[in-house]
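Below: one structure, written as structure tokens.
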Number of protein chains: 2
Amino acid sequence: MRVIILGNNSALPAFGRHPSAQAVTVYGEVLLLDCGEGTQLQMQRYGVKWKNVNHIYISHMHGDHYFGLPGLINSMSLLGRTAPLSIYGPAPLKIIIDTVMSSADSRLSYPLHFHALPQGAAIITTTPTYTVQCFPVEHSITCHGFLITTRTRGRRILPDECARYDIPSAHFESLKQGNDYTAPDGTTVKNEWVTTDGPIPRRYAYCADTVHTESFLPYIKGADAMYHEATYLSADTEKATARFHSTAAQAAMLARKANVRKLILGHFSSRYKDLEPFRQEAEAVFPGTIISVEGIAYDL
Amino acid sequence: MRVIILGNNSALPAFGRHPSAQAVTVYGEVLLLDCGEGTQLQMQRYGVKWKNVNHIYISHMHGDHYFGLPGLINSMSLLGRTAPLSIYGPAPLKIIIDTVMSSADSRLSYPLHFHALPQGAAIITTTPTYTVQCFPVEHSITCHGFLITTRTRGRRILPDECARYDIPSAHFESLKQGNDYTAPDGTTVKNEWVTTDGPIPRRYAYCADTVHTESFLPYIKGADAMYHEATYLSADTEKATARFHSTAAQAAMLARKANVRKLILGHFSSRYKDLEPFRQEAEAVFPGTIISVEGIAYDL
């Protein structure tokens, strides 16, 4: 799993930082989390291919999290996309997309499936390689975080061992699922002789705009990495709380409490040019905190 | 009058070129014509101050002409704008703006006045220093061009001559309007003794997406400058016509027919990296054609 931050600033673009968007690559497929204005340009800049994007997740209806969506949808159509695209977001987003399309008297070149996010937590995407769960965070309007979990592809086949026991490849799927193999002569080949443990599932939590709270702790606990907003520094804690945002220290406290392995901070207010204080503040609570940089790929 | 092109590409951003937007400065006020995605960033880049923008004109509902508008509106509010902002555009744009605002549960810090464009031609803005007229062009959906005309501020006062005749400044407004001055002793001071001709009105025509046609010739005739779309080269004339766009040669023919003084081309298709063929093609018909470059200021 790999995360490329396409936008790590809050609402006002500043200091070369852009509004929220990130591309999470899972087994070659790209999941787009939020899509602020200019995301399609950021994707071009950092080599994120729209052809690999089949699912887009929008956390909430503040514009810095979705104003780039209509442009991206349109561009995919102009570029001749045919594969279906699924968008998960708050219900009003559908009104906007529909009005954009109908007023332009245009049809997309591909099927667009819109899925309104439920009120609470739910698994909203299940594919053979990953699941995505949405969970409520606490912001001034309804807002969701997203948890991406890779699915194990089962146990890992040991080809040499399988050859030694003369197991036909038609049985590999059964072996991956942990079953033993019964040879034509009736002897049993134990699963653990010809397989090893498969890859460990990875979990990435994206915590969009939220005030500091432990209410969504159950969803992020033990994640391999968590992206959390850090709009402000501790000196502005009151402002953060009043505006339903978090400080770097608060994000770090939550990361420590949740026992995540990595913490990536973003959604910085445009009042801060220098981000080093964010690192220092978070580092004191959660060592190794990553201050996100647009275009950098973080491997989990 | 000064024009800064903020985006000169057609729908797909490419080769560092952006979707349609331009800033026209008239006596210090900035009129924004179209507002493609990323316009607020282009404004930052090229020093176009949002504080000077009071009127925004959207030609039609194809996204590359307005997807940057919600972000700009929001940013102005976050930056604490208080002055009213007027937006002129197709009626469905209001639905989008309203949905954006209501779903974000947010209020702008300033009054926003939306004016739906009429079907045909009409003068839609009149200020002491300029007027803006919209006129229909011919595209796949309803689309308007805009004609900006500076208003003369009347005749120009000659301060030394006024002093010589001892004319109080309270009478200058009357002199600007061409009236003579009657001194307290009853003698008449002829207007032409103390004033000269004021500045000549300037006319700038913005012809957004349109197929080649002479239907809007009356509105652009004799303009000091005309911006016209040139999505394609002549080799793709059929494609241009089918898609209700123009070629560089067609734009140049219209400019010649309209007897405009300057022709500025833009809205180039992303299929063309090199724009020199546009210059050559237009130049053969209309010498001195300007191939717009983003960020360059063109003085009229």
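Ordering of the structure tokens sets the chain letters (A, B, ...), residue numbers begin anew at 1 in every chain, and ligands are numbered from 1 in the order given.
Summary of the local environment: counting only C-alpha atoms, residues at most 8 Å from segment 253-264 of chain A, other than itself and those fewer than 6 positions away along its chain, are His212, Thr213, Glu214, Leu217, Ile220, Lys221, Gly222, Ala223, Asp224, Ala225, Met226, Tyr227, His228, Val285, Phe286, Gly288, Thr289, Ile290, Ile291 and Ser292 of chain A.
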Could you save those same residues with N, CA and C atoms as a PDB file, in the first residue's frame?
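Output contents, as saved in out_34.pdb:
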```pdb
ATOM      1  N   HIS A 212     -10.637  17.196  17.811  1.00  0.00           N
ATOM      2  CA  HIS A 212      -9.975  16.139  18.584  1.00  0.00           C
ATOM      3  C   HIS A 212     -11.018  15.353  19.372  1.00  0.00           C
ATOM      4  N   THR A 213     -11.047  14.073  19.158  1.00  0.00           N
ATOM      5  CA  THR A 213     -12.035  13.214  19.815  1.00  0.00           C
ATOM      6  C   THR A 213     -11.537  11.773  19.775  1.00  0.00           C
ATOM      7  N   GLU A 214     -12.016  10.985  20.715  1.00  0.00           N
ATOM      8  CA  GLU A 214     -11.667   9.561  20.675  1.00  0.00           C
ATOM      9  C   GLU A 214     -12.848   8.738  20.173  1.00  0.00           C
ATOM     10  N   LEU A 217     -11.981   6.074  17.682  1.00  0.00           N
ATOM     11  CA  LEU A 217     -10.824   5.249  18.035  1.00  0.00           C
ATOM     12  C   LEU A 217     -10.966   3.781  17.600  1.00  0.00           C
ATOM     13  N   ILE A 220      -9.699   3.084  14.030  1.00  0.00           N
ATOM     14  CA  ILE A 220      -8.316   3.378  13.630  1.00  0.00           C
ATOM     15  C   ILE A 220      -7.300   2.591  14.447  1.00  0.00           C
ATOM     16  N   LYS A 221      -7.755   1.924  15.489  1.00  0.00           N
ATOM     17  CA  LYS A 221      -6.850   1.258  16.430  1.00  0.00           C
ATOM     18  C   LYS A 221      -5.910   0.280  15.714  1.00  0.00           C
ATOM     19  N   GLY A 222      -4.634   0.445  15.964  1.00  0.00           N
ATOM     20  CA  GLY A 222      -3.642  -0.485  15.428  1.00  0.00           C
ATOM     21  C   GLY A 222      -3.394  -0.357  13.934  1.00  0.00           C
ATOM     22  N   ALA A 223      -3.884   0.706  13.324  1.00  0.00           N
ATOM     23  CA  ALA A 223      -3.671   0.870  11.877  1.00  0.00           C
ATOM     24  C   ALA A 223      -2.178   0.974  11.571  1.00  0.00           C
ATOM     25  N   ASP A 224      -1.806   0.506  10.379  1.00  0.00           N
ATOM     26  CA  ASP A 224      -0.396   0.608   9.986  1.00  0.00           C
ATOM     27  C   ASP A 224      -0.005   2.071   9.766  1.00  0.00           C
ATOM     28  N   ALA A 225      -0.945   2.843   9.303  1.00  0.00           N
ATOM     29  CA  ALA A 225      -0.689   4.275   9.173  1.00  0.00           C
ATOM     30  C   ALA A 225      -1.997   5.031   9.293  1.00  0.00           C
ATOM     31  N   MET A 226      -1.903   6.214   9.827  1.00  0.00           N
ATOM     32  CA  MET A 226      -3.072   7.082   9.933  1.00  0.00           C
ATOM     33  C   MET A 226      -2.693   8.468   9.423  1.00  0.00           C
ATOM     34  N   TYR A 227      -3.507   8.965   8.485  1.00  0.00           N
ATOM     35  CA  TYR A 227      -3.388  10.367   8.077  1.00  0.00           C
ATOM     36  C   TYR A 227      -4.403  11.119   8.921  1.00  0.00           C
ATOM     37  N   HIS A 228      -3.929  12.159   9.583  1.00  0.00           N
ATOM     38  CA  HIS A 228      -4.844  12.925  10.436  1.00  0.00           C
ATOM     39  C   HIS A 228      -4.651  14.404  10.142  1.00  0.00           C
ATOM     40  N   VAL A 285       5.061  13.957  21.167  1.00  0.00           N
ATOM     41  CA  VAL A 285       4.015  13.034  21.633  1.00  0.00           C
ATOM     42  C   VAL A 285       4.104  11.699  20.908  1.00  0.00           C
ATOM     43  N   PHE A 286       4.342  11.777  19.609  1.00  0.00           N
ATOM     44  CA  PHE A 286       4.370  10.567  18.783  1.00  0.00           C
ATOM     45  C   PHE A 286       5.632  10.599  17.917  1.00  0.00           C
ATOM     46  N   GLY A 288       8.514  10.132  15.322  1.00  0.00           N
ATOM     47  CA  GLY A 288       8.511   9.651  13.936  1.00  0.00           C
ATOM     48  C   GLY A 288       7.338  10.151  13.125  1.00  0.00           C
ATOM     49  N   THR A 289       6.608  11.135  13.656  1.00  0.00           N
ATOM     50  CA  THR A 289       5.484  11.694  12.897  1.00  0.00           C
ATOM     51  C   THR A 289       5.977  12.238  11.556  1.00  0.00           C
ATOM     52  N   ILE A 290       5.201  11.956  10.528  1.00  0.00           N
ATOM     53  CA  ILE A 290       5.556  12.428   9.182  1.00  0.00           C
ATOM     54  C   ILE A 290       4.752  13.678   8.857  1.00  0.00           C
ATOM     55  N   ILE A 291       5.445  14.747   8.507  1.00  0.00           N
ATOM     56  CA  ILE A 291       4.764  15.951   8.021  1.00  0.00           C
ATOM     57  C   ILE A 291       4.632  15.773   6.518  1.00  0.00           C
ATOM     58  N   SER A 292       3.403  15.576   6.038  1.00  0.00           N
ATOM     59  CA  SER A 292       3.231  15.214   4.628  1.00  0.00           C
ATOM     60  C   SER A 292       3.770  16.293   3.705  1.00  0.00           C
TER      61      SER A 292
END
```
Spatial neighbours of His139 of chain B, 8 Å, only C-alpha atoms, chain gap at least 6 places, as a list in words: Asp209, Thr210, Val211, Arg243, Phe244 and His245 of chain B
Using only C-alpha atoms, please write the residues we just selected to a file, as a PDB file, in the first residue's frame.
```
ATOM      1  CA  ASP B 209     -16.644  28.850 -27.386  1.00  0.00           C
ATOM      2  CA  THR B 210     -18.277  29.256 -30.768  1.00  0.00           C
ATOM      3  CA  VAL B 211     -18.468  27.731 -34.176  1.00  0.00           C
ATOM      4  CA  ARG B 243     -17.994  20.316 -32.133  1.00  0.00           C
ATOM      5  CA  PHE B 244     -19.123  23.930 -32.479  1.00  0.00           C
ATOM      6  CA  HIS B 245     -15.587  25.267 -32.263  1.00  0.00           C
TER       7      HIS B 245
END
```
Counting only C-alpha atoms, a student should be able to say which residues of chain B come within 7 Å of chain A; what is the right answer, written as a ChimeraX atom specification? /B:12,37-38,61-63,67,71,75,92,96,99,103-104,141
Resulting file, chosen residues, C-alpha atoms, as a PDB file, in the first residue's frame:
```
ATOM      1  CA  LEU B  12      -8.193  19.309 -20.777  1.00  0.00           C
ATOM      2  CA  GLU B  37     -10.586  25.114 -12.464  1.00  0.00           C
ATOM      3  CA  GLY B  38      -7.526  26.563 -10.784  1.00  0.00           C
ATOM      4  CA  MET B  61     -22.032  25.734 -18.593  1.00  0.00           C
ATOM      5  CA  HIS B  62     -19.124  23.708 -19.900  1.00  0.00           C
ATOM      6  CA  GLY B  63     -17.016  22.968 -16.861  1.00  0.00           C
ATOM      7  CA  PHE B  67     -15.225  24.852 -12.303  1.00  0.00           C
ATOM      8  CA  GLY B  71     -13.375  27.711  -4.971  1.00  0.00           C
ATOM      9  CA  SER B  75     -11.690  31.698  -0.748  1.00  0.00           C
ATOM     10  CA  PRO B  92     -28.137  26.529 -13.645  1.00  0.00           C
ATOM     11  CA  ILE B  96     -24.715  24.740  -8.246  1.00  0.00           C
ATOM     12  CA  THR B  99     -26.068  23.557  -3.399  1.00  0.00           C
ATOM     13  CA  SER B 103     -24.448  21.506   1.745  1.00  0.00           C
ATOM     14  CA  ALA B 104     -21.429  23.114   3.402  1.00  0.00           C
ATOM     15  CA  ILE B 141     -25.165  24.716 -25.632  1.00  0.00           C
TER      16      ILE B 141
END
```
Check segment 24-155 of chain B with DSSP on the backbone and list each residue it calls strand (DSSP E), as JSON, numbers by chain. {"B": [24, 25, 26, 29, 30, 31, 32, 33, 34, 35, 53, 54, 55, 56, 57, 85, 86, 87, 88, 89, 112, 113, 114, 115, 116, 122, 123, 124, 125, 126, 130, 131, 132, 133, 134, 135, 136, 137, 143, 144, 145, 146, 147, 148, 149, 150]}
Any chance you can output those residues with C-alpha atoms as a PDB file, in the first residue's frame?
```
ATOM      1  CA  VAL B  24      -9.713  42.462 -17.716  1.00  0.00           C
ATOM      2  CA  THR B  25      -8.635  45.563 -15.823  1.00  0.00           C
ATOM      3  CA  VAL B  26     -10.719  48.690 -16.455  1.00  0.00           C
ATOM      4  CA  GLU B  29     -11.288  47.297 -11.435  1.00  0.00           C
ATOM      5  CA  VAL B  30     -10.868  43.696 -12.564  1.00  0.00           C
ATOM      6  CA  LEU B  31     -13.567  41.905 -14.544  1.00  0.00           C
ATOM      7  CA  LEU B  32     -13.163  38.150 -14.571  1.00  0.00           C
ATOM      8  CA  LEU B  33     -14.293  36.450 -17.775  1.00  0.00           C
ATOM      9  CA  ASP B  34     -14.862  32.733 -17.219  1.00  0.00           C
ATOM     10  CA  CYS B  35     -13.320  30.923 -14.295  1.00  0.00           C
ATOM     11  CA  VAL B  53     -12.820  41.751  -8.664  1.00  0.00           C
ATOM     12  CA  ASN B  54     -16.451  42.799  -8.270  1.00  0.00           C
ATOM     13  CA  HIS B  55     -17.931  41.226 -11.397  1.00  0.00           C
ATOM     14  CA  ILE B  56     -17.487  37.726 -12.792  1.00  0.00           C
ATOM     15  CA  TYR B  57     -18.928  36.676 -16.149  1.00  0.00           C
ATOM     16  CA  LEU B  85     -19.728  40.295  -5.705  1.00  0.00           C
ATOM     17  CA  SER B  86     -21.857  40.034  -8.839  1.00  0.00           C
ATOM     18  CA  ILE B  87     -21.852  36.893 -10.930  1.00  0.00           C
ATOM     19  CA  TYR B  88     -23.381  36.814 -14.401  1.00  0.00           C
ATOM     20  CA  GLY B  89     -23.946  33.399 -15.899  1.00  0.00           C
ATOM     21  CA  LEU B 112     -23.271  37.558  -3.634  1.00  0.00           C
ATOM     22  CA  HIS B 113     -25.607  38.732  -6.370  1.00  0.00           C
ATOM     23  CA  PHE B 114     -26.354  36.262  -9.122  1.00  0.00           C
ATOM     24  CA  HIS B 115     -27.648  37.555 -12.445  1.00  0.00           C
ATOM     25  CA  ALA B 116     -28.928  34.983 -14.921  1.00  0.00           C
ATOM     26  CA  ALA B 122     -28.284  42.873 -23.541  1.00  0.00           C
ATOM     27  CA  ILE B 123     -26.283  45.367 -21.574  1.00  0.00           C
ATOM     28  CA  ILE B 124     -25.893  43.591 -18.258  1.00  0.00           C
ATOM     29  CA  THR B 125     -23.553  45.891 -16.348  1.00  0.00           C
ATOM     30  CA  THR B 126     -23.349  49.653 -16.339  1.00  0.00           C
ATOM     31  CA  TYR B 130     -17.615  50.801 -18.288  1.00  0.00           C
ATOM     32  CA  THR B 131     -20.496  48.752 -19.617  1.00  0.00           C
ATOM     33  CA  VAL B 132     -20.651  45.043 -20.306  1.00  0.00           C
ATOM     34  CA  GLN B 133     -22.907  43.654 -22.965  1.00  0.00           C
ATOM     35  CA  CYS B 134     -23.535  39.959 -23.476  1.00  0.00           C
ATOM     36  CA  PHE B 135     -24.300  38.598 -26.923  1.00  0.00           C
ATOM     37  CA  PRO B 136     -25.098  35.085 -28.111  1.00  0.00           C
ATOM     38  CA  VAL B 137     -22.422  33.065 -29.858  1.00  0.00           C
ATOM     39  CA  CYS B 143     -23.167  30.409 -24.828  1.00  0.00           C
ATOM     40  CA  HIS B 144     -22.505  34.126 -24.610  1.00  0.00           C
ATOM     41  CA  GLY B 145     -19.716  36.415 -25.613  1.00  0.00           C
ATOM     42  CA  PHE B 146     -19.066  39.619 -23.695  1.00  0.00           C
ATOM     43  CA  LEU B 147     -18.288  43.103 -24.933  1.00  0.00           C
ATOM     44  CA  ILE B 148     -16.653  45.475 -22.473  1.00  0.00           C
ATOM     45  CA  THR B 149     -16.844  49.142 -23.387  1.00  0.00           C
ATOM     46  CA  THR B 150     -15.182  51.851 -21.373  1.00  0.00           C
TER      47      THR B 150
END
```
Give me the residues within 6 Å of segment 266-272 of chain A as a list in words, counting only C-alpha atoms and dropping any in the same chain fewer than 3 places off.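 The residues that qualify are Asn8, Asn9, Ser10, Ala14, Glu229, Ala230, Thr231 and Ser292 of chain A.
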Could you take the residues named above and write them with C-alpha atoms, as a PDB file, in the first residue's frame?
```
ATOM      1  CA  ASN A   8      -2.002  18.825   2.202  1.00  0.00           C
ATOM      2  CA  ASN A   9      -3.361  22.302   2.852  1.00  0.00           C
ATOM      3  CA  SER A  10      -6.636  23.443   4.319  1.00  0.00           C
ATOM      4  CA  ALA A  14      -0.973  28.727  -0.092  1.00  0.00           C
ATOM      5  CA  GLU A 229      -5.636  16.566   9.957  1.00  0.00           C
ATOM      6  CA  ALA A 230      -3.516  19.060  11.883  1.00  0.00           C
ATOM      7  CA  THR A 231      -4.928  22.389  10.835  1.00  0.00           C
ATOM      8  CA  SER A 292       3.231  15.214   4.628  1.00  0.00           C
TER       9      SER A 292
END
```
Would you return as JSON, numbers by chain the members of segment 53-214 of chain B that DSSP assigns to alpha helix (DSSP H) on this structure's backbone? {"B": [69, 70, 71, 72, 73, 74, 75, 76, 77, 78, 92, 93, 94, 95, 96, 97, 98, 99, 100, 101, 102, 103, 159, 160, 161, 162, 163, 164, 172, 173, 174, 175, 176, 191, 192, 193, 194]}
So how far away is atom CA of Thr129 of chain A from atom CA of Arg153 of chain A, in Å?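 Atom-to-atom, atom CA of Arg153 of chain A to atom CA of Thr129 of chain A, that is 7.1 Å.
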Which distance in Å separates atom CA of Phe172 of chain A and atom CA of Arg202 of chain A, to one decimal?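 Result for atom CA of Phe172 of chain A versus atom CA of Arg202 of chain A: 23.5 Å, one decimal.
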Residue among A:Ile200, A:Val3, A:Ala170, A:Leu175 lying closest to Asp299 of chain A, counting only C-alpha atoms: A:Val3
